[in-house]
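As stored in my_file35.txt (compact mmCIF, C-alpha atoms):
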```txt
# COMPACT_ATOMS: atom_id res chain seq x y z
CA MET L 1 43.49 77.49 74.62
CA HIS L 2 41.61 76.65 77.82
CA ALA L 3 42.02 73.01 78.83
CA LEU L 4 38.30 72.26 78.58
CA ALA L 5 38.11 73.85 75.14
CA LYS L 6 40.58 71.39 73.65
CA PRO L 7 38.84 69.22 71.02
CA GLN L 8 40.81 66.17 72.21
CA VAL L 9 38.94 66.23 75.53
CA TRP L 10 35.47 65.95 74.06
CA ILE L 11 36.41 63.72 71.12
CA PHE L 12 37.94 61.32 73.62
CA MET L 13 34.86 61.39 75.89
CA MET L 14 32.52 60.73 72.95
CA THR L 15 34.73 57.94 71.58
CA ALA L 16 35.18 56.29 74.99
CA GLY L 17 31.43 56.41 75.68
CA ILE L 18 30.52 54.89 72.30
CA LEU L 19 33.14 52.12 72.49
CA SER L 20 32.24 51.24 76.09
CA CYS L 21 28.50 51.03 75.34
CA LEU L 22 29.05 49.03 72.16
CA GLY L 23 31.27 46.55 73.99
CA PHE L 24 28.78 46.05 76.82
CA GLN L 25 25.77 45.73 74.55
CA ALA L 26 27.55 43.34 72.15
CA ALA L 27 28.63 40.99 74.95
CA THR L 28 25.24 40.88 76.65
CA TRP L 29 23.41 40.43 73.31
CA LEU L 30 25.67 37.71 71.93
CA LEU L 31 25.65 35.76 75.21
CA ALA L 32 21.94 36.26 75.86
CA ASP L 33 22.28 38.21 79.11
CA SER L 34 24.03 35.31 80.84
CA ALA L 35 26.21 35.85 83.92
CA PHE L 36 29.33 35.41 81.79
CA GLY L 37 27.92 37.85 79.25
CA GLN L 38 27.37 40.47 81.96
CA LEU L 39 30.93 39.97 83.24
CA LEU L 40 32.43 40.16 79.75
CA GLY L 41 30.29 43.21 79.00
CA LEU L 42 31.56 44.92 82.14
CA PHE L 43 35.15 44.16 81.16
CA LEU L 44 34.66 45.50 77.62
CA PHE L 45 32.90 48.58 78.98
CA SER L 46 35.82 49.33 81.33
CA TRP L 47 38.36 49.00 78.50
CA GLY L 48 36.52 51.37 76.18
CA PRO L 49 38.55 54.38 77.45
CA ALA L 50 41.85 52.54 76.85
CA LEU L 51 40.90 51.81 73.25
CA ALA L 52 39.75 55.40 72.79
CA ALA L 53 43.06 56.64 74.22
CA TRP L 54 45.00 54.41 71.81
CA LEU L 55 43.04 55.77 68.86
CA MET L 56 43.45 59.37 70.00
CA ARG L 57 47.14 59.01 70.72
CA ARG L 58 47.85 57.25 67.43
CA TRP L 59 45.63 59.08 64.94
CA VAL L 60 44.81 62.48 66.47
CA ASP L 61 47.84 63.41 68.57
CA GLN L 62 50.19 61.25 66.47
CA LYS L 63 52.40 60.51 69.44
CA SER L 64 53.96 57.42 70.99
CA LEU L 65 51.75 55.11 73.05
CA ARG L 66 54.38 55.15 75.80
CA GLY L 67 52.85 58.32 77.19
CA LEU L 68 49.70 56.57 78.41
CA GLY L 69 51.15 55.64 81.80
CA TRP L 70 52.17 52.06 81.10
CA ASN L 71 55.60 52.64 82.65
CA ARG L 72 56.27 50.74 85.89
CA LYS L 73 59.82 51.99 86.47
CA TYR L 74 58.90 54.06 89.54
CA TYR L 75 56.07 51.80 90.71
CA ASP L 76 58.34 49.98 93.16
CA PHE L 77 57.63 47.76 96.17
CA ARG L 78 56.87 50.73 98.44
CA TRP L 79 54.16 52.03 96.14
CA ILE L 80 52.83 48.55 95.42
CA ALA L 81 52.37 48.00 99.15
CA LEU L 82 50.63 51.37 99.49
CA THR L 83 48.19 50.70 96.66
CA ILE L 84 47.36 47.23 98.03
CA PHE L 85 47.06 48.04 101.73
CA GLY L 86 46.09 51.71 101.48
CA PRO L 87 42.47 50.79 100.64
CA LEU L 88 42.29 48.95 103.98
CA ALA L 89 43.00 52.25 105.73
CA VAL L 90 40.18 53.84 103.73
CA VAL L 91 37.80 51.04 104.78
CA ALA L 92 38.87 51.42 108.42
CA GLY L 93 38.44 55.20 108.21
CA THR L 94 34.98 54.76 106.71
CA LEU L 95 34.06 52.44 109.57
CA GLY L 96 35.29 55.10 112.01
CA VAL L 97 33.12 57.78 110.38
CA ILE L 98 30.08 55.49 110.60
CA PHE L 99 30.81 54.74 114.26
CA LEU L 100 31.04 58.45 115.02
CA ALA L 101 27.92 59.38 113.06
CA GLY L 102 25.80 56.34 113.90
CA ASN L 103 26.86 54.95 117.26
CA MET L 104 27.91 58.18 118.98
CA LEU L 105 25.82 60.92 117.33
CA SER L 106 22.83 58.72 116.32
CA LEU L 107 22.48 60.47 112.98
CA PRO L 108 19.73 58.94 110.80
CA GLY L 109 20.79 56.69 107.94
CA PHE L 110 24.23 55.73 109.23
CA GLY L 111 23.07 52.70 111.19
CA ARG L 112 25.39 51.25 113.79
CA VAL L 113 28.68 49.41 113.94
CA GLU L 114 27.88 45.99 115.40
CA LEU L 115 30.50 43.28 115.76
CA GLN L 116 30.65 39.49 115.96
CA GLU L 117 27.22 38.14 116.97
CA VAL L 118 25.07 40.30 114.71
CA SER L 119 27.55 40.06 111.86
CA TRP L 120 27.90 36.29 112.16
CA ARG L 121 24.13 35.88 111.90
CA MET L 122 24.23 38.01 108.75
CA ILE L 123 27.01 35.84 107.28
CA ASP L 124 25.15 32.65 108.15
CA SER L 125 21.91 33.85 106.55
CA PHE L 126 23.76 35.06 103.46
CA VAL L 127 25.78 31.92 102.75
CA SER L 128 23.23 29.29 103.83
CA PRO L 129 21.86 28.79 100.26
CA PHE L 130 25.36 27.86 99.12
CA GLN L 131 26.13 25.12 101.61
CA PRO L 132 28.57 23.10 99.40
CA VAL L 133 30.72 26.20 98.81
CA VAL L 134 30.33 27.31 102.43
CA PHE L 135 31.50 23.94 103.69
CA PHE L 136 34.66 24.26 101.62
CA LEU L 137 35.35 27.96 102.22
CA GLY L 138 33.55 28.95 105.39
CA GLY L 139 33.03 25.63 107.14
CA PRO L 140 36.40 25.56 108.96
CA PHE L 141 35.59 28.99 110.48
CA ALA L 142 32.13 28.10 111.80
CA GLY L 143 31.54 30.21 114.90
CA GLU L 144 34.91 31.94 114.59
CA PHE L 145 33.98 35.34 113.23
CA TRP L 146 37.40 36.95 113.11
CA ALA L 147 39.01 33.94 111.40
CA PHE L 148 36.32 34.13 108.74
CA VAL L 149 36.89 37.87 108.33
CA ALA L 150 40.65 37.34 107.97
CA PHE L 151 40.01 34.74 105.28
CA LEU L 152 37.65 37.06 103.37
CA LEU L 153 40.09 39.94 103.73
CA LEU L 154 42.92 37.93 102.20
CA LEU L 155 40.65 36.70 99.41
CA THR L 156 39.40 40.20 98.51
CA ILE L 157 42.93 41.65 98.53
CA VAL L 158 44.14 38.97 96.10
CA LEU L 159 41.11 39.37 93.83
CA GLY L 160 41.36 43.16 93.95
CA ALA L 161 45.08 43.27 93.14
CA THR L 162 44.65 40.91 90.18
CA LEU L 163 41.22 40.76 88.54
CA GLY L 164 40.12 44.06 90.04
CA MET L 165 43.26 45.77 88.81
CA LEU L 166 42.76 44.42 85.27
CA LEU L 167 39.15 45.61 85.30
CA HIS L 168 40.15 49.17 86.26
CA LEU L 169 43.31 49.33 84.15
CA GLY L 170 41.43 50.17 80.95
CA GLN L 171 39.61 53.04 82.65
CA GLU L 172 42.83 54.37 84.17
CA MET L 173 44.79 54.21 80.92
CA GLY L 174 42.09 56.22 79.21
CA PHE L 175 41.23 58.84 81.79
CA ARG L 176 44.41 59.24 83.82
CA GLY L 177 46.81 57.99 81.15
CA TYR L 178 45.46 60.11 78.30
CA LEU L 179 42.78 62.62 79.28
CA LEU L 180 44.51 63.94 82.42
CA GLN L 181 47.47 65.13 80.36
CA HIS L 182 45.19 67.40 78.33
CA ILE L 183 43.68 69.13 81.39
CA GLN L 184 46.73 69.26 83.69
CA ASP L 185 46.99 73.02 83.14
CA LEU L 186 44.02 73.35 85.50
CA GLY L 187 46.27 72.30 88.38
CA PHE L 188 45.90 69.46 90.87
CA LEU L 189 42.54 70.55 92.31
CA GLY L 190 41.02 71.76 89.05
CA SER L 191 42.02 68.85 86.83
CA SER L 192 41.15 66.22 89.46
CA THR L 193 37.72 67.79 89.95
CA VAL L 194 36.99 67.86 86.22
CA LEU L 195 38.33 64.34 85.74
CA GLY L 196 36.19 63.01 88.61
CA LEU L 197 33.04 64.52 87.08
CA LEU L 198 33.87 63.17 83.61
CA ILE L 199 34.55 59.68 84.98
CA GLY L 200 31.29 59.85 86.89
CA GLY L 201 29.48 60.77 83.68
CA TRP L 202 31.11 57.90 81.81
CA ASN L 203 30.18 55.41 84.55
CA SER L 204 26.60 56.69 84.55
CA LEU L 205 26.26 55.26 81.03
CA LEU L 206 26.58 51.79 82.53
CA LEU L 207 23.83 52.54 85.03
CA TRP L 208 21.55 53.75 82.23
CA MET L 209 22.06 50.44 80.40
CA LEU L 210 21.49 48.34 83.54
CA ILE L 211 18.37 50.20 84.69
CA PRO L 212 15.36 48.97 82.67
CA GLU L 213 13.26 52.08 83.20
CA TRP L 214 14.27 55.42 84.73
CA GLU L 215 12.57 56.45 87.96
CA LEU L 216 13.23 59.30 90.35
CA ALA L 217 14.12 56.72 93.00
CA TYR L 218 17.37 56.03 91.11
CA LEU L 219 18.58 59.62 91.51
CA PRO L 220 20.53 58.91 94.77
CA PHE L 221 22.53 56.22 92.93
CA PHE L 222 23.64 58.73 90.30
CA LEU L 223 24.47 61.36 92.92
CA SER L 224 26.52 58.84 94.92
CA LEU L 225 28.28 57.77 91.73
CA PHE L 226 29.36 61.31 90.88
CA GLY L 227 30.27 62.10 94.49
CA PHE L 228 32.41 58.99 94.84
CA HIS L 229 34.39 59.54 91.64
CA LEU L 230 34.76 63.24 92.41
CA THR L 231 36.30 62.64 95.85
CA THR L 232 38.47 59.70 94.81
CA ALA L 233 39.87 61.58 91.80
CA PHE L 234 42.38 63.49 93.95
CA VAL L 235 43.92 60.34 95.42
CA GLN L 236 43.86 58.52 92.08
CA SER L 237 45.58 61.39 90.26
CA TRP L 238 48.18 61.66 93.01
CA LEU L 239 48.96 57.94 92.83
CA SER L 240 49.19 57.75 89.05
CA LEU L 241 51.42 60.82 88.56
CA ARG L 242 53.47 60.27 91.73
CA THR L 243 54.47 56.82 90.44
CA ARG L 244 54.33 57.79 86.73
CA SER L 245 52.13 54.70 86.29
CA VAL L 246 48.41 54.04 85.92
CA TYR L 247 49.01 50.59 87.41
CA ALA L 248 49.14 52.29 90.81
CA SER L 249 45.71 53.91 90.56
CA ALA L 250 44.23 50.78 88.93
CA THR L 251 45.50 48.54 91.73
CA PHE L 252 44.22 50.92 94.40
CA ALA L 253 40.77 51.06 92.79
CA GLY L 254 40.61 47.28 92.33
CA VAL L 255 41.51 46.47 95.93
CA LEU L 256 39.21 49.20 97.28
CA GLN L 257 36.25 47.87 95.30
CA GLN L 258 36.73 44.35 96.67
CA THR L 259 37.60 45.11 100.30
CA GLY L 260 34.97 47.85 100.61
CA GLY L 261 32.25 45.21 100.50
CA LEU L 262 33.50 43.77 103.79
CA LEU L 263 31.92 46.70 105.64
CA VAL L 264 28.60 44.84 105.60
CA LEU L 265 30.08 42.43 108.15
CA PHE L 266 30.31 45.22 110.72
CA LEU L 267 27.24 47.34 109.99
CA TRP L 268 23.63 47.16 111.03
CA ASN L 269 20.75 48.95 109.32
CA GLY L 270 22.74 51.59 107.46
CA ASP L 271 21.80 53.41 104.26
CA PRO L 272 24.40 52.43 101.59
CA HIS L 273 24.37 56.00 100.26
CA LEU L 274 25.65 57.14 103.65
CA ALA L 275 27.28 54.17 105.39
CA SER L 276 29.62 52.69 102.77
CA VAL L 277 32.97 53.27 101.11
CA ASP L 278 31.27 54.73 98.04
CA GLY L 279 28.72 56.58 100.20
CA LEU L 280 29.03 59.79 102.17
CA SER L 281 31.21 58.19 104.87
CA GLY L 282 33.81 57.05 102.36
CA MET L 283 33.69 60.38 100.54
CA LEU L 284 34.55 62.20 103.78
CA VAL L 285 37.58 59.93 104.22
CA PHE L 286 38.79 60.69 100.69
CA MET L 287 38.30 64.42 101.25
CA LEU L 288 40.50 64.11 104.34
CA ILE L 289 43.18 62.29 102.33
CA ALA L 290 43.02 64.99 99.64
CA GLY L 291 43.60 67.59 102.34
CA LEU L 292 46.62 65.65 103.59
CA ILE L 293 48.07 65.58 100.06
CA LEU L 294 47.67 69.35 99.76
CA TRP L 295 49.29 69.85 103.16
CA ARG L 296 52.10 67.28 103.10
CA ASP L 297 53.04 67.08 99.40
CA LYS L 298 53.16 70.72 98.35
CA ALA L 299 56.03 70.11 95.94
CA PHE L 300 53.92 67.64 93.97
CA VAL L 301 50.93 69.97 93.91
CA ALA L 302 53.09 72.87 92.67
CA ALA L 303 54.75 70.78 89.94
CA PHE L 304 51.55 68.97 88.96
CA PRO L 305 50.89 70.73 85.61
CA LYS L 306 54.35 69.79 84.32
CA ILE L 307 54.55 66.15 85.45
CA ARG L 308 54.51 63.61 82.61
CA TYR L 309 54.54 59.82 82.54
```
Render the structure in this file as structure tokens.
Amino acid sequence: MHALAKPQVWIFMMTAGILSCLGFQAATWLLADSAFGQLLGLFLFSWGPALAAWLMRRWVDQKSLRGLGWNRKYYDFRWIALTIFGPLAVVAGTLGVIFLAGNMLSLPGFGRVELQEVSWRMIDSFVSPFQPVVFFLGGPFAGEFWAFVAFLLLLTIVLGATLGMLLHLGQEMGFRGYLLQHIQDLGFLGSSTVLGLLIGGWNSLLLWMLIPEWELAYLPFFLSLFGFHLTTAFVQSWLSLRTRSVYASATFAGVLQQTGGLLVLFLWNGDPHLASVDGLSGMLVFMLIAGLILWRDKAFVAAFPKIRY
């Protein structure tokens, strides 16, 4: 049977979508659209795939839950360091693409990489409404741009490797812990491509719930969403199966989400669909990394369909 014809694939997608939407809607309704309700709803939405995977594994496949990628035996210090600091290389690479496209080639939409003075004015204007917090967090760095950046970098890494990892762990357990095993016969490129599109479709459900009324102007957001998950799927699949653990891909995604926002400190007048980690610049970096995996880790690519957690 062709991988995409397996009933488990589409039953899982339907179950994950329903559970995620129910969790988000229940949290926001019960807590009256408060900030905490939105945060709880986002957490419940992200863990919908994990619950769907548990149900599928237990009642449909009737197999042990150990096969969902919870194992951390091979996720050692070397891989932990890569999943925590690897996203910084992606952010730096994205900044390099923007510099090439914007500063050197003057392509429209990419803006320019501007350091220190422009960025510090942006920071000052952004944090000025929160003076009590700024005095405690940013006050000691007043006028010292790079010290402030170092502080924010450390803060985002810690948040990404803890809270960010927990937020993405449910998604990873469902899609890369369960669903990937049912489409691995498509090979590294095929299964990663399909998985990226399916994850993009699942995430688009959240956008539909957050957008009050659909307009054509929102189309670029959906295209960026699918493009980002499509290009990151290769790296995420490589991390999870290389370490036999979804903790690796969850940590990478959590840190990337947090540190990627720091690009705004170095950019001026760029379109976020082009000049951002989840925009075209970041997608090009991930495509380059995917090419490096195909070139440098041929043994993994060849053995991909047979690798199990």
List as a tab-separated table every residue of stretch 16-133 of chain L that is in contact with stretch 251-262 of chain L, defined as an atom at most 6 Å from one of its atoms (using all atoms listed in the file), together with the nearest atom pair and the distance in Å rounded to one decimal, sorted by chain and then rising number.
```
residue	atom	partner	partner_atom	distance
L:Thr83	CA	L:Phe252	CA	4.6
L:Pro87	CA	L:Leu256	CA	4.9
L:Val91	CA	L:Gly260	CA	6.0
```
Excluding stretch 71-79 of chain L and any residue of its chain fewer than 5 positions from it, enumerate the residues within 7 Å of it, using only C-alpha atoms, and give them as an MDAnalysis selection string. chainID L and resid 243:245 248
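Here atom CA of L:Val301 and atom CA of L:Ser224 stand 26.8 Å from one another.
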Mind giving me the straight-line distance from atom CA of L:Leu210 to atom CA of L:Phe226 in Å, one decimal?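 Taking atom CA of L:Leu210 and atom CA of L:Phe226, their separation equals 16.9 Å.
Atom pair atom CA of L:Val158 / atom CA of L:Ile84 has a distance of 9.1 Å (rounded to one decimal).
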Show which residues sit within 9 Å of L:Met13, as a PyMOL selection string. Count only C-alpha atoms, and ignore same-chain residues fewer than 6 positions away. chain L and resi 49+52+179+198+202
List every protein, DNA or RNA residue with an atom no more than 9 Å from (37.6, 61.8, 86.4) in the file's coordinates, counting all atoms listed in the file, and format the result as a PyMOL selection string. chain L and resi 175-176+179-180+191-202+229-230+232-233+237
Using all atoms listed in the file, pick whichever of L:Gly170, L:Leu267, L:Phe85, L:Ile211 has the shortest atom-to-atom distance to L:Thr156.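 Under the stated criterion, the closest residue is L:Phe85.
With only C-alpha atoms as the atoms that count, the minimum distance from L:Pro305 to the choices L:Trp208, L:Phe188, L:Tyr218, L:Phe266 is reached by L:Phe188.
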If we count all atoms listed in the file and set the cut-off at 12 Å, which residues sit around L:Leu107, ignoring sequence neighbours fewer than 4 positions away in its own chain? Please answer as a list in words. Val97, Ile98, Phe99, Leu100, Ala101, Gly102, Asn103, Gly111, Arg112, Gly270, Asp271, Leu274 and Ala275 of chain L
Looking at all atoms listed in the file, which of L:Trp146, L:Tyr309, L:Trp70, L:Phe110 is the one that sits closest to L:Tyr247?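 Once distances to L:Tyr247 are computed over all atoms listed in the file, the minimum belongs to L:Trp70.
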Nearest residue to L:Ala50 out of L:Lys6, L:Lys298, L:His168, L:Lys306, using only C-alpha atoms?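 Looking only at the distances to L:Ala50, the closest residue turns out to be L:His168.
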Which one of L:Leu44, L:Val235, L:Ile293, L:Leu219 sits closest to L:His273 if you count all atoms listed in the file? L:Leu219
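With distances restricted to all atoms listed in the file, L:Val90 is the closest residue to L:Ile289 from L:Val90, L:Val60, L:Leu65, L:Ile307.
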Quick one: everything within 12 Å of L:Trp54, counting all atoms listed in the file, minus sequence neighbours fewer than 5 positions away in the same chain. Send it as a JSON list (two decimals) with C-alpha atoms, in the frame of the given file.
```json
[["chain", "number", "residue", "atom", "x", "y", "z"],
["L", 12, "PHE", "CA", 37.94, 61.32, 73.62],
["L", 15, "THR", "CA", 34.73, 57.94, 71.58],
["L", 16, "ALA", "CA", 35.18, 56.29, 74.99],
["L", 47, "TRP", "CA", 38.36, 49.00, 78.50],
["L", 48, "GLY", "CA", 36.52, 51.37, 76.18],
["L", 49, "PRO", "CA", 38.55, 54.38, 77.45],
["L", 59, "TRP", "CA", 45.63, 59.08, 64.94],
["L", 60, "VAL", "CA", 44.81, 62.48, 66.47],
["L", 61, "ASP", "CA", 47.84, 63.41, 68.57],
["L", 62, "GLN", "CA", 50.19, 61.25, 66.47],
["L", 63, "LYS", "CA", 52.40, 60.51, 69.44],
["L", 64, "SER", "CA", 53.96, 57.42, 70.99],
["L", 65, "LEU", "CA", 51.75, 55.11, 73.05],
["L", 66, "ARG", "CA", 54.38, 55.15, 75.80],
["L", 67, "GLY", "CA", 52.85, 58.32, 77.19],
["L", 68, "LEU", "CA", 49.70, 56.57, 78.41],
["L", 69, "GLY", "CA", 51.15, 55.64, 81.80],
["L", 70, "TRP", "CA", 52.17, 52.06, 81.10],
["L", 170, "GLY", "CA", 41.43, 50.17, 80.95],
["L", 173, "MET", "CA", 44.79, 54.21, 80.92],
["L", 174, "GLY", "CA", 42.09, 56.22, 79.21],
["L", 175, "PHE", "CA", 41.23, 58.84, 81.79],
["L", 177, "GLY", "CA", 46.81, 57.99, 81.15],
["L", 178, "TYR", "CA", 45.46, 60.11, 78.30],
["L", 179, "LEU", "CA", 42.78, 62.62, 79.28]]
```
